[in-house]
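**Q** For reference, the structure I am asking about is given below.
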There are 2 protein chains.
Amino acid sequence: MNRGLMMGKKFDTYVVIMAGGGGTRFWPWSREKRPKQILPILSDRSMIWETVERVRPLLPRKNIFVVTAQSQIADLRKEISMIPAENLLAEPQGRNTAPCISLAAIHILKRNPQGVMVVLPADHYIGSRRGFLTSLRTAVAFARKQNYLVTLGIPPTEPETGYGYIEKREIIEKIGGVPVYKTRSFREKPTRAKAAVYLRSGKFLWNSGIFIWRADIFWSAVKKFLPALYEEMNRLTNTLGTPREKKVLQMIYSRCSSISVDYGILEKADNVALIEAQFSWNDVGSWSALKKILAQDKDGNARILCHPTGKGRILLLDSSNCLVRSEEKLIAVIGLDNTVVVEAGNALLVCPRDRSQDVRKVLQELQNRGWKEYL
Amino acid sequence: MNRGLMMGKKFDTYVVIMAGGGGTRFWPWSREKRPKQILPILSDRSMIWETVERVRPLLPRKNIFVVTAQSQIADLRKEISMIPAENLLAEPQGRNTAPCISLAAIHILKRNPQGVMVVLPADHYIGSRRGFLTSLRTAVAFARKQNYLVTLGIPPTEPETGYGYIEKREIIEKIGGVPVYKTRSFREKPTRAKAAVYLRSGKFLWNSGIFIWRADIFWSAVKKFLPALYEEMNRLTNTLGTPREKKVLQMIYSRCSSISVDYGILEKADNVALIEAQFSWNDVGSWSALKKILAQDKDGNARILCHPTGKGRILLLDSSNCLVRSEEKLIAVIGLDNTVVVEAGNALLVCPRDRSQDVRKVLQELQNRGWKEYL
């Protein structure tokens, strides 16, 4: 496959990996100082490493940006040392996706005013690399020539209540046989009943958080829908690479609102397009979500053994649909269904699968008690 | 209280503590080399230590015997150093209670042919020390002058299926107002329905495994019902204190049957008496049984924190009737009921309370897999 041809004759494509997430959902494996994206959750390499490697056939390394929290820069630099150091952009604090993507956009605009941005979360599961690259190439080809903000939607397989949904409208055009739709509406995490309606209608796709657009088109949208952010970030443009950059950045982040690109721009803009992803996907947003992706035994149990130590052992008797992770101890489970048991570092979590999102409550309680060594 | 008067003018009373149990029921806290009786399960001292201290007001230390496995002698000597070393009797292998009590009987007969034996398991919960000593004094007073094998029965409080039951008949006599009954029958662990019938009838008591009898009366019963054991053990009598003792003991144990005193003698003899215990009791036979004895929070959860390390932490959210033990890690439990979570050494157990007797299956599976470091 000819990269140059697929992605345009010039390497005008840039990938922006959003890697600012905290360490809450996969506690106790993830911690404040060890967020999900640097954990080897789906293989023996970290999720961010996998995300970078996945897009390598699309473009040269110097075109890959990673936006992360200042506190995570050092760890990330080690983890994805294939990325040029200057492409790791540090946010002084987390402000959701709109400021994050804007920061990347002004870096890209400076390098290439016609650049096309592919925005990717650092910590999602992608079922097929081939399908993923095909979908991205289709989206880039469309975004390069059309003035659209393109989203990748995942054909839903169940009435999931943890995802956002995007409703499609008429086809704008077909790229290599793949239809590109206009979007009718964005729907936040629905109730079970609504999710079932969406699923049956065939008109809704899951919002993957993967976006493709020309940087200039995005920047126009920021100007229109988030003018304050636009003003602030434009001031930053002139300081890039100067001693003032860091100070200005801190000031911007201390003042700007925390807002998602979905809510701040995509739900309001009328030039949003939607392409059906040609790969299975999962946001790996909880222990329960992870369980669905991992290999399972005949009773539906998934096991995670910690490879570095090699000490972990798991023994399941009369148990089904459990997710068990062992790091250094033997974990013996008898007679449990749909239960999460996770050993990591100095802590252990036990909960029903459908309560796994409540690890947040554990973290809150640890804060309250001042048990900071477990955060 | 005048000990000499209560227990007879001469110190003719001997306590025999059976401490031969293995480390299965409280796995992973108990292990092959760390059986239940040396664990600090109910306080910060071991169960065997508590058992010895509990009977100290009854008799001098030199009258307390402990029968245990050869492999446990060294650990026990350290744990209950108040007992003279020669009073720790080692069994070459476990052969259930009949050989164990017989071994103690010949030691006692040699010291005092009129001696009264109080036989106690090393690892039970006794709710009231005062009630316990009162019951023993009553039983000893009766056994000293009557030719009966006396059992202590516990008034049942629920239709427990894990205990044996003893049916009482007419009163033989009253000792200090306490009736001593003849026994009609011994019933092995019953079904739930039968246990409910026993409970309602008011005629059945739980078999506590606590026995009181004159050594000579017991020895006559062994002669009658277990003649082979009687012959063998009589040969041992002449070797006690000689270099041949150990070898003869090994030979006896290699040949004798594994049989309980209940099945081998008490169910067959017609001179068995029964006294109602004046204390609450529990055999602490499983994690679930232990849960009933421990202090509980308002949601019925019991916690065991390992005092020596001080590192353990427990955090329970929306959970009830759980038993959780933490040794060095934080154990966070969300949304579970009636669940046992136990961290100990290199292993962790998670199971519903009503499956806690199935730790045996875990141990069997560990054997099968050759994972001996967890046994």
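Residues are named by chain letter and number: chains run A, B, ... in the order of the structure tokens, numbers start at 1 in each chain, and ligands are numbered from 1 in the order shown.
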How close does each residue of chain A get to chain B, giving the shortest atom pair and distance in Å to one decimal for every residue with an atom at most 6 Å away, counting only C-alpha atoms, sorted by chain and residue number, as CSV?
**A**
```
residue,atom,partner,partner_atom,distance
A:Lys329,CA,B:Asn346,CA,4.8
A:Leu330,CA,B:Ala347,CA,4.4
A:Ile331,CA,B:Leu348,CA,4.8
A:Ala332,CA,B:Leu349,CA,4.9
A:Val333,CA,B:Val350,CA,4.9
A:Ile334,CA,B:Cys351,CA,4.8
A:Asn346,CA,B:Lys329,CA,4.8
A:Ala347,CA,B:Leu330,CA,4.4
A:Leu348,CA,B:Ile331,CA,4.8
A:Leu349,CA,B:Ala332,CA,4.9
A:Val350,CA,B:Val333,CA,4.9
A:Cys351,CA,B:Ile334,CA,4.8
```
**Q** Can I have chain A aligned to chain B? Use a least-squares fit on all Cα atoms paired in order and write it out as a tab-separated table (two decimals) with C-alpha atoms, in the first residue's frame.
**A**
```
chain	number	residue	atom	x	y	z
A	1	MET	CA	-13.43	-20.24	95.16
A	2	ASN	CA	-11.51	-23.10	96.68
A	3	ARG	CA	-9.82	-25.03	93.94
A	4	GLY	CA	-8.77	-27.88	96.12
A	5	LEU	CA	-12.30	-28.40	97.30
A	6	MET	CA	-13.89	-27.98	93.86
A	7	MET	CA	-11.63	-30.39	92.05
A	8	GLY	CA	-11.20	-32.87	94.85
A	9	LYS	CA	-8.75	-32.72	97.72
A	10	LYS	CA	-5.97	-34.22	95.68
A	11	PHE	CA	-5.24	-32.77	92.24
A	12	ASP	CA	-6.63	-35.83	90.56
A	13	THR	CA	-7.85	-33.94	87.51
A	14	TYR	CA	-6.02	-33.81	84.20
A	15	VAL	CA	-6.78	-31.82	81.09
A	16	VAL	CA	-6.04	-33.31	77.68
A	17	ILE	CA	-6.02	-30.77	74.87
A	18	MET	CA	-6.33	-32.27	71.41
A	19	ALA	CA	-4.27	-30.08	69.10
A	20	GLY	CA	-3.64	-32.25	66.08
A	21	GLY	CA	-5.73	-30.41	63.50
A	22	GLY	CA	-4.36	-29.49	60.10
A	23	GLY	CA	-4.38	-26.16	58.34
A	24	THR	CA	-7.25	-26.58	55.94
A	25	ARG	CA	-10.39	-24.82	57.11
A	26	PHE	CA	-8.86	-21.40	57.59
A	27	TRP	CA	-6.78	-21.35	54.47
A	28	PRO	CA	-5.08	-19.14	53.44
A	29	TRP	CA	-4.49	-17.96	57.01
A	30	SER	CA	-3.93	-21.51	58.21
A	31	ARG	CA	-1.42	-23.55	56.25
A	32	GLU	CA	0.12	-27.00	56.45
A	33	LYS	CA	2.79	-25.64	58.76
A	34	ARG	CA	0.57	-23.15	60.56
A	35	PRO	CA	-2.59	-24.98	61.69
A	36	LYS	CA	-5.63	-23.23	63.08
A	37	GLN	CA	-4.82	-23.84	66.75
A	38	ILE	CA	-1.67	-21.73	66.70
A	39	LEU	CA	-3.37	-18.80	64.93
A	40	PRO	CA	-4.62	-15.79	66.91
A	41	ILE	CA	-8.10	-16.21	65.47
A	42	LEU	CA	-10.28	-14.93	68.29
A	43	SER	CA	-7.89	-12.58	70.06
A	44	ASP	CA	-4.28	-11.53	69.73
A	45	ARG	CA	-3.22	-14.86	71.24
A	46	SER	CA	-3.40	-18.27	69.63
A	47	MET	CA	-6.40	-20.53	70.17
A	48	ILE	CA	-4.27	-23.18	71.93
A	49	TRP	CA	-2.84	-20.53	74.26
A	50	GLU	CA	-6.37	-19.39	75.09
A	51	THR	CA	-7.45	-22.98	75.69
A	52	VAL	CA	-4.59	-23.62	78.10
A	53	GLU	CA	-5.11	-20.35	79.97
A	54	ARG	CA	-8.85	-21.00	80.20
A	55	VAL	CA	-8.34	-24.15	82.31
A	56	ARG	CA	-5.50	-22.84	84.48
A	57	PRO	CA	-7.83	-22.15	87.48
A	58	LEU	CA	-8.82	-25.83	87.49
A	59	LEU	CA	-5.49	-27.49	88.02
A	60	PRO	CA	-1.71	-27.15	88.11
A	61	ARG	CA	0.16	-26.85	84.79
A	62	LYS	CA	1.80	-30.22	85.24
A	63	ASN	CA	-1.67	-31.76	84.94
A	64	ILE	CA	-2.27	-30.31	81.48
A	65	PHE	CA	-1.44	-32.55	78.53
A	66	VAL	CA	-1.43	-31.54	74.90
A	67	VAL	CA	-1.56	-34.15	72.15
A	68	THR	CA	-0.41	-32.97	68.77
A	69	ALA	CA	1.29	-34.04	65.57
A	70	GLN	CA	5.02	-34.69	65.70
A	71	SER	CA	5.49	-31.99	63.06
A	72	GLN	CA	3.86	-29.37	65.28
A	73	ILE	CA	5.68	-30.09	68.53
A	74	ALA	CA	8.36	-27.42	68.11
A	75	ASP	CA	5.90	-24.63	67.30
A	76	LEU	CA	3.56	-25.64	70.12
A	77	ARG	CA	6.35	-25.78	72.67
A	78	LYS	CA	7.08	-22.14	71.93
A	79	GLU	CA	3.44	-21.14	71.85
A	80	ILE	CA	2.45	-22.74	75.18
A	81	SER	CA	5.73	-22.66	77.04
A	82	MET	CA	3.84	-22.70	80.36
A	83	ILE	CA	3.19	-26.42	79.87
A	84	PRO	CA	5.98	-28.81	80.96
A	85	ALA	CA	7.70	-30.14	77.83
A	86	GLU	CA	7.06	-33.77	78.82
A	87	ASN	CA	3.31	-33.07	78.76
A	88	LEU	CA	3.35	-32.43	75.03
A	89	LEU	CA	2.56	-35.79	73.51
A	90	ALA	CA	3.45	-36.29	69.85
A	91	GLU	CA	1.41	-38.48	67.53
A	92	PRO	CA	3.41	-39.86	64.61
A	93	GLN	CA	0.36	-39.24	62.42
A	94	GLY	CA	-3.24	-38.16	62.82
A	95	ARG	CA	-5.62	-41.07	63.61
A	96	ASN	CA	-8.67	-39.17	64.78
A	97	THR	CA	-9.67	-38.84	68.45
A	98	ALA	CA	-9.80	-42.41	69.78
A	99	PRO	CA	-6.04	-43.14	69.51
A	100	CYS	CA	-5.25	-39.56	70.55
A	101	ILE	CA	-7.25	-39.76	73.78
A	102	SER	CA	-6.01	-43.30	74.43
A	103	LEU	CA	-2.43	-42.09	74.24
A	104	ALA	CA	-3.19	-39.41	76.81
A	105	ALA	CA	-5.07	-41.92	78.95
A	106	ILE	CA	-2.13	-44.26	79.39
A	107	HIS	CA	0.09	-41.33	80.41
A	108	ILE	CA	-2.49	-40.25	82.97
A	109	LEU	CA	-3.12	-43.79	84.25
A	110	LYS	CA	0.59	-44.14	84.88
A	111	ARG	CA	0.60	-40.99	86.98
A	112	ASN	CA	-2.69	-41.54	88.75
A	113	PRO	CA	-4.88	-44.61	88.28
A	114	GLN	CA	-7.83	-42.66	89.74
A	115	GLY	CA	-7.21	-39.62	87.56
A	116	VAL	CA	-10.13	-37.78	85.96
A	117	MET	CA	-9.58	-36.65	82.36
A	118	VAL	CA	-11.07	-33.51	80.86
A	119	VAL	CA	-10.71	-33.80	77.08
A	120	LEU	CA	-10.82	-30.50	75.16
A	121	PRO	CA	-10.38	-29.53	71.52
A	122	ALA	CA	-7.67	-26.89	71.18
A	123	ASP	CA	-9.47	-24.65	68.76
A	124	HIS	CA	-13.04	-23.95	69.82
A	125	TYR	CA	-14.74	-20.76	70.87
A	126	ILE	CA	-15.99	-20.66	74.46
A	127	GLY	CA	-18.34	-17.75	75.15
A	128	SER	CA	-17.93	-17.60	78.93
A	129	ARG	CA	-14.91	-18.72	80.87
A	130	ARG	CA	-16.85	-18.67	84.12
A	131	GLY	CA	-19.64	-20.84	82.68
A	132	PHE	CA	-17.06	-23.12	81.11
A	133	LEU	CA	-15.25	-23.72	84.40
A	134	THR	CA	-18.53	-24.22	86.25
A	135	SER	CA	-19.63	-26.85	83.72
A	136	LEU	CA	-16.28	-28.64	83.92
A	137	ARG	CA	-16.35	-28.66	87.72
A	138	THR	CA	-19.84	-30.14	87.69
A	139	ALA	CA	-18.80	-32.78	85.18
A	140	VAL	CA	-15.61	-33.65	87.06
A	141	ALA	CA	-17.50	-33.98	90.33
A	142	PHE	CA	-19.94	-36.36	88.66
A	143	ALA	CA	-17.32	-38.34	86.73
A	144	ARG	CA	-15.14	-38.78	89.79
A	145	LYS	CA	-17.74	-40.75	91.68
A	146	GLN	CA	-19.82	-42.32	88.90
A	147	ASN	CA	-18.68	-44.78	86.30
A	148	TYR	CA	-19.82	-42.68	83.41
A	149	LEU	CA	-18.32	-41.25	80.24
A	150	VAL	CA	-19.54	-37.67	80.39
A	151	THR	CA	-20.11	-35.43	77.41
A	152	LEU	CA	-20.79	-31.70	77.46
A	153	GLY	CA	-23.71	-30.80	75.21
A	154	ILE	CA	-24.42	-27.31	73.95
A	155	PRO	CA	-28.06	-26.15	73.92
A	156	PRO	CA	-28.62	-25.55	70.20
A	157	THR	CA	-29.63	-22.05	69.06
A	158	GLU	CA	-30.25	-22.80	65.38
A	159	PRO	CA	-30.75	-25.85	63.13
A	160	GLU	CA	-27.03	-26.12	62.43
A	161	THR	CA	-26.12	-28.89	60.00
A	162	GLY	CA	-22.40	-28.81	60.67
A	163	TYR	CA	-22.52	-30.28	64.17
A	164	GLY	CA	-23.28	-33.67	65.67
A	165	TYR	CA	-26.27	-33.90	68.03
A	166	ILE	CA	-26.70	-35.90	71.25
A	167	GLU	CA	-30.15	-36.92	72.47
A	168	LYS	CA	-30.77	-36.84	76.21
A	169	ARG	CA	-32.81	-39.30	78.25
A	170	GLU	CA	-33.72	-39.31	81.93
A	171	ILE	CA	-31.77	-37.48	84.62
A	172	ILE	CA	-29.23	-39.60	86.47
A	173	GLU	CA	-28.72	-37.06	89.24
A	174	LYS	CA	-28.27	-33.36	89.86
A	175	ILE	CA	-24.89	-31.92	90.81
A	176	GLY	CA	-25.24	-28.51	92.47
A	177	GLY	CA	-28.64	-28.16	90.79
A	178	VAL	CA	-27.32	-29.08	87.34
A	179	PRO	CA	-28.99	-32.18	85.87
A	180	VAL	CA	-26.84	-34.98	84.44
A	181	TYR	CA	-28.69	-36.95	81.78
A	182	LYS	CA	-28.31	-40.38	80.34
A	183	THR	CA	-27.89	-40.29	76.57
A	184	ARG	CA	-30.24	-41.95	74.12
A	185	SER	CA	-28.39	-41.51	70.82
A	186	PHE	CA	-25.65	-39.74	68.92
A	187	ARG	CA	-26.61	-38.23	65.55
A	188	GLU	CA	-24.08	-37.29	62.92
A	189	LYS	CA	-24.38	-33.98	61.03
A	190	PRO	CA	-28.09	-33.93	60.09
A	191	THR	CA	-29.97	-32.44	57.15
A	192	ARG	CA	-31.48	-29.00	57.64
A	193	ALA	CA	-34.93	-30.52	58.10
A	194	LYS	CA	-33.76	-33.03	60.71
A	195	ALA	CA	-31.76	-30.36	62.51
A	196	ALA	CA	-34.94	-28.27	62.75
A	197	VAL	CA	-36.80	-31.22	64.26
A	198	TYR	CA	-33.99	-31.76	66.78
A	199	LEU	CA	-34.04	-28.08	67.69
A	200	ARG	CA	-37.81	-27.97	68.21
A	201	SER	CA	-37.88	-31.19	70.26
A	202	GLY	CA	-35.74	-29.68	73.02
A	203	LYS	CA	-34.21	-33.11	73.52
A	204	PHE	CA	-31.00	-32.63	71.55
A	205	LEU	CA	-27.75	-30.89	72.36
A	206	TRP	CA	-24.79	-30.16	70.11
A	207	ASN	CA	-21.84	-32.46	70.61
A	208	SER	CA	-19.07	-30.11	71.73
A	209	GLY	CA	-16.29	-32.67	71.60
A	210	ILE	CA	-15.61	-31.95	75.28
A	211	PHE	CA	-15.50	-35.13	77.37
A	212	ILE	CA	-14.97	-35.82	81.05
A	213	TRP	CA	-14.29	-39.23	82.57
A	214	ARG	CA	-12.08	-41.19	84.90
A	215	ALA	CA	-9.15	-42.59	82.97
A	216	ASP	CA	-9.87	-46.11	84.25
A	217	ILE	CA	-13.50	-45.97	83.10
A	218	PHE	CA	-12.39	-44.77	79.67
A	219	TRP	CA	-9.76	-47.47	79.52
A	220	SER	CA	-12.36	-50.13	80.24
A	221	ALA	CA	-14.46	-48.77	77.41
A	222	VAL	CA	-11.51	-48.91	75.02
A	223	LYS	CA	-10.93	-52.52	76.05
A	224	LYS	CA	-14.55	-53.36	75.33
A	225	PHE	CA	-15.13	-51.45	72.06
A	226	LEU	CA	-11.67	-51.03	70.56
A	227	PRO	CA	-9.79	-54.10	71.79
A	228	ALA	CA	-7.02	-53.91	69.18
A	229	LEU	CA	-6.21	-50.34	70.14
A	230	TYR	CA	-6.35	-51.36	73.81
A	231	GLU	CA	-3.84	-54.17	73.29
A	232	GLU	CA	-1.42	-51.99	71.33
A	233	MET	CA	-1.57	-49.07	73.73
A	234	ASN	CA	-1.11	-51.31	76.75
A	235	ARG	CA	2.16	-52.49	75.24
A	236	LEU	CA	3.19	-48.86	74.94
A	237	THR	CA	2.57	-48.32	78.68
A	238	ASN	CA	5.62	-50.33	79.67
A	239	THR	CA	7.90	-48.39	77.33
A	240	LEU	CA	6.90	-44.89	78.49
A	241	GLY	CA	10.04	-42.97	79.34
A	242	THR	CA	12.31	-45.62	77.79
A	243	PRO	CA	14.28	-45.43	74.51
A	244	ARG	CA	11.78	-47.85	72.94
A	245	GLU	CA	8.78	-45.58	73.48
A	246	LYS	CA	9.04	-43.67	70.22
A	247	LYS	CA	9.52	-46.74	68.07
A	248	VAL	CA	6.58	-48.58	69.62
A	249	LEU	CA	4.42	-45.49	69.24
A	250	GLN	CA	5.26	-45.26	65.56
A	251	MET	CA	4.42	-48.89	65.04
A	252	ILE	CA	1.08	-48.55	66.82
A	253	TYR	CA	0.08	-45.51	64.79
A	254	SER	CA	1.17	-47.07	61.53
A	255	ARG	CA	-1.21	-49.96	62.21
A	256	CYS	CA	-4.16	-48.52	64.11
A	257	SER	CA	-7.38	-47.41	62.46
A	258	SER	CA	-8.41	-43.81	62.21
A	259	ILE	CA	-11.51	-43.65	64.37
A	260	SER	CA	-13.28	-41.08	66.48
A	261	VAL	CA	-14.08	-41.62	70.14
A	262	ASP	CA	-17.70	-40.73	69.34
A	263	TYR	CA	-18.12	-43.42	66.73
A	264	GLY	CA	-15.77	-45.96	68.28
A	265	ILE	CA	-17.00	-45.78	71.88
A	266	LEU	CA	-19.62	-43.20	72.86
A	267	GLU	CA	-22.26	-44.26	70.34
A	268	LYS	CA	-21.97	-47.83	71.57
A	269	ALA	CA	-21.40	-47.59	75.32
A	270	ASP	CA	-24.37	-47.59	77.72
A	271	ASN	CA	-22.64	-45.57	80.45
A	272	VAL	CA	-22.61	-42.24	78.62
A	273	ALA	CA	-23.88	-39.16	80.42
A	274	LEU	CA	-24.66	-35.67	79.19
A	275	ILE	CA	-24.44	-32.29	80.91
A	276	GLU	CA	-25.84	-29.11	79.43
A	277	ALA	CA	-23.05	-26.60	78.99
A	278	GLN	CA	-23.46	-23.26	80.74
A	279	PHE	CA	-21.65	-21.31	78.07
A	280	SER	CA	-22.07	-20.45	74.41
A	281	TRP	CA	-19.85	-22.36	72.07
A	282	ASN	CA	-18.80	-22.61	68.43
A	283	ASP	CA	-16.42	-25.06	66.81
A	284	VAL	CA	-14.94	-22.27	64.64
A	285	GLY	CA	-15.00	-24.78	61.84
A	286	SER	CA	-15.05	-22.42	58.88
A	287	TRP	CA	-14.75	-18.78	57.90
A	288	SER	CA	-18.52	-18.62	58.04
A	289	ALA	CA	-18.64	-19.99	61.59
A	290	LEU	CA	-15.96	-17.53	62.65
A	291	LYS	CA	-17.99	-14.67	61.24
A	292	LYS	CA	-20.78	-15.40	63.75
A	293	ILE	CA	-18.48	-14.97	66.73
A	294	LEU	CA	-16.56	-11.84	65.76
A	295	ALA	CA	-17.67	-8.29	66.54
A	296	GLN	CA	-19.78	-6.86	63.73
A	297	ASP	CA	-20.53	-3.38	62.50
A	298	LYS	CA	-24.10	-2.13	62.02
A	299	ASP	CA	-24.21	-3.79	58.59
A	300	GLY	CA	-23.16	-7.13	60.03
A	301	ASN	CA	-19.62	-7.01	58.63
A	302	ALA	CA	-16.77	-8.52	60.62
A	303	ARG	CA	-13.20	-7.35	60.16
A	304	ILE	CA	-9.92	-9.01	61.04
A	305	LEU	CA	-6.89	-6.78	60.94
A	306	CYS	CA	-3.52	-8.38	61.32
A	307	HIS	CA	-1.95	-6.80	64.37
A	308	PRO	CA	1.69	-7.78	63.97
A	309	THR	CA	2.25	-5.83	60.75
A	310	GLY	CA	-0.26	-3.05	61.34
A	311	LYS	CA	-0.35	-2.54	57.59
A	312	GLY	CA	-3.75	-4.00	56.83
A	313	ARG	CA	-6.67	-1.73	56.03
A	314	ILE	CA	-10.29	-2.48	55.22
A	315	LEU	CA	-12.81	-0.26	53.43
A	316	LEU	CA	-16.36	-1.54	52.97
A	317	LEU	CA	-18.92	0.37	50.88
A	318	ASP	CA	-22.55	-0.74	50.57
A	319	SER	CA	-21.56	-4.17	51.88
A	320	SER	CA	-23.17	-6.32	54.54
A	321	ASN	CA	-22.56	-9.53	56.45
A	322	CYS	CA	-19.08	-9.89	54.99
A	323	LEU	CA	-16.00	-11.25	56.70
A	324	VAL	CA	-12.86	-9.45	55.61
A	325	ARG	CA	-9.32	-10.03	56.76
A	326	SER	CA	-6.47	-7.76	55.74
A	327	GLU	CA	-2.85	-8.46	56.46
A	328	GLU	CA	-0.78	-5.97	54.52
A	329	LYS	CA	-2.96	-4.55	51.75
A	330	LEU	CA	-5.95	-2.25	51.72
A	331	ILE	CA	-8.97	-4.40	50.93
A	332	ALA	CA	-11.76	-2.35	49.35
A	333	VAL	CA	-15.12	-4.05	48.96
A	334	ILE	CA	-18.05	-2.48	47.15
A	335	GLY	CA	-21.62	-3.78	47.08
A	336	LEU	CA	-21.13	-7.33	48.34
A	337	ASP	CA	-23.20	-9.33	50.83
A	338	ASN	CA	-22.28	-12.46	52.74
A	339	THR	CA	-18.85	-12.66	51.15
A	340	VAL	CA	-15.57	-13.81	52.64
A	341	VAL	CA	-12.42	-11.94	51.58
A	342	VAL	CA	-9.25	-13.08	53.30
A	343	GLU	CA	-5.72	-11.94	52.63
A	344	ALA	CA	-2.98	-13.99	54.30
A	345	GLY	CA	0.62	-14.42	53.29
A	346	ASN	CA	1.01	-15.11	49.60
A	347	ALA	CA	-2.66	-15.82	48.93
A	348	LEU	CA	-6.11	-14.39	48.91
A	349	LEU	CA	-9.49	-16.11	49.18
A	350	VAL	CA	-12.79	-14.69	47.91
A	351	CYS	CA	-16.00	-16.71	48.23
A	352	PRO	CA	-19.61	-16.52	49.37
A	353	ARG	CA	-19.95	-17.32	53.08
A	354	ASP	CA	-21.92	-20.47	52.39
A	355	ARG	CA	-19.08	-21.81	50.23
A	356	SER	CA	-16.37	-21.24	52.81
A	357	GLN	CA	-16.10	-24.94	53.62
A	358	ASP	CA	-15.01	-25.44	50.01
A	359	VAL	CA	-11.52	-24.12	50.73
A	360	ARG	CA	-10.77	-27.84	50.87
A	361	LYS	CA	-11.40	-27.94	47.13
A	362	VAL	CA	-8.93	-25.11	46.64
A	363	LEU	CA	-6.31	-27.03	48.60
A	364	GLN	CA	-7.02	-30.15	46.54
A	365	GLU	CA	-6.62	-28.15	43.33
A	366	LEU	CA	-3.38	-26.59	44.59
A	367	GLN	CA	-2.10	-30.13	45.22
A	368	ASN	CA	-3.15	-31.19	41.74
A	369	ARG	CA	-1.35	-28.26	40.14
A	370	GLY	CA	1.74	-28.68	42.28
A	371	TRP	CA	1.44	-25.14	43.64
A	372	LYS	CA	2.87	-26.22	46.97
A	373	GLU	CA	4.03	-22.77	48.03
A	374	TYR	CA	0.40	-21.91	48.81
A	375	LEU	CA	-0.43	-25.00	50.91
```
**Q** Please return, as a ChimeraX atom specification, all residues of range 31-116 of chain A that DSSP assigns to alpha helix (DSSP H) on the basis of the backbone.
**A** /A:47-55,73-79,97-111
**Q** Please report, as a PyMOL selection string, each residue of range 256-352 of chain B to which DSSP assigns strand (DSSP E or B) when run on this structure's backbone.
**A** chain B and resi 272-276+281-282+302-305+313-317+320+323-326+330-334+337+339-344+347-352
**Q** Next, the residues of the selection above should be written as an mmCIF file, in the first residue's frame with C-alpha atoms.
**A**
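Full text of selection.cif as output:
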```
data_model
loop_
_atom_site.group_PDB
_atom_site.id
_atom_site.type_symbol
_atom_site.label_atom_id
_atom_site.label_comp_id
_atom_site.auth_asym_id
_atom_site.auth_seq_id
_atom_site.Cartn_x
_atom_site.Cartn_y
_atom_site.Cartn_z
ATOM 1 C CA VAL B 272 -22.606 -42.273 78.592
ATOM 2 C CA ALA B 273 -23.867 -39.186 80.423
ATOM 3 C CA LEU B 274 -24.664 -35.707 79.188
ATOM 4 C CA ILE B 275 -24.451 -32.336 80.933
ATOM 5 C CA GLU B 276 -25.856 -29.151 79.458
ATOM 6 C CA TRP B 281 -19.895 -22.335 72.106
ATOM 7 C CA ASN B 282 -18.832 -22.572 68.477
ATOM 8 C CA ALA B 302 -16.744 -8.447 60.531
ATOM 9 C CA ARG B 303 -13.168 -7.264 60.063
ATOM 10 C CA ILE B 304 -9.892 -8.939 60.971
ATOM 11 C CA LEU B 305 -6.849 -6.720 60.840
ATOM 12 C CA ARG B 313 -6.595 -1.719 55.855
ATOM 13 C CA ILE B 314 -10.211 -2.467 55.052
ATOM 14 C CA LEU B 315 -12.709 -0.268 53.213
ATOM 15 C CA LEU B 316 -16.273 -1.538 52.773
ATOM 16 C CA LEU B 317 -18.804 0.357 50.640
ATOM 17 C CA SER B 320 -23.118 -6.264 54.408
ATOM 18 C CA LEU B 323 -15.980 -11.197 56.645
ATOM 19 C CA VAL B 324 -12.825 -9.421 55.529
ATOM 20 C CA ARG B 325 -9.279 -10.007 56.698
ATOM 21 C CA SER B 326 -6.429 -7.767 55.658
ATOM 22 C CA LEU B 330 -5.863 -2.312 51.553
ATOM 23 C CA ILE B 331 -8.899 -4.454 50.776
ATOM 24 C CA ALA B 332 -11.662 -2.404 49.164
ATOM 25 C CA VAL B 333 -15.029 -4.102 48.801
ATOM 26 C CA ILE B 334 -17.972 -2.534 46.956
ATOM 27 C CA ASP B 337 -23.148 -9.322 50.732
ATOM 28 C CA THR B 339 -18.838 -12.670 51.110
ATOM 29 C CA VAL B 340 -15.563 -13.815 52.611
ATOM 30 C CA VAL B 341 -12.400 -11.961 51.532
ATOM 31 C CA VAL B 342 -9.236 -13.109 53.264
ATOM 32 C CA GLU B 343 -5.705 -11.980 52.597
ATOM 33 C CA ALA B 344 -2.978 -14.016 54.284
ATOM 34 C CA ALA B 347 -2.640 -15.942 48.951
ATOM 35 C CA LEU B 348 -6.104 -14.488 48.903
ATOM 36 C CA LEU B 349 -9.486 -16.187 49.169
ATOM 37 C CA VAL B 350 -12.775 -14.766 47.895
ATOM 38 C CA CYS B 351 -16.005 -16.767 48.229
ATOM 39 C CA PRO B 352 -19.609 -16.540 49.364
#
```
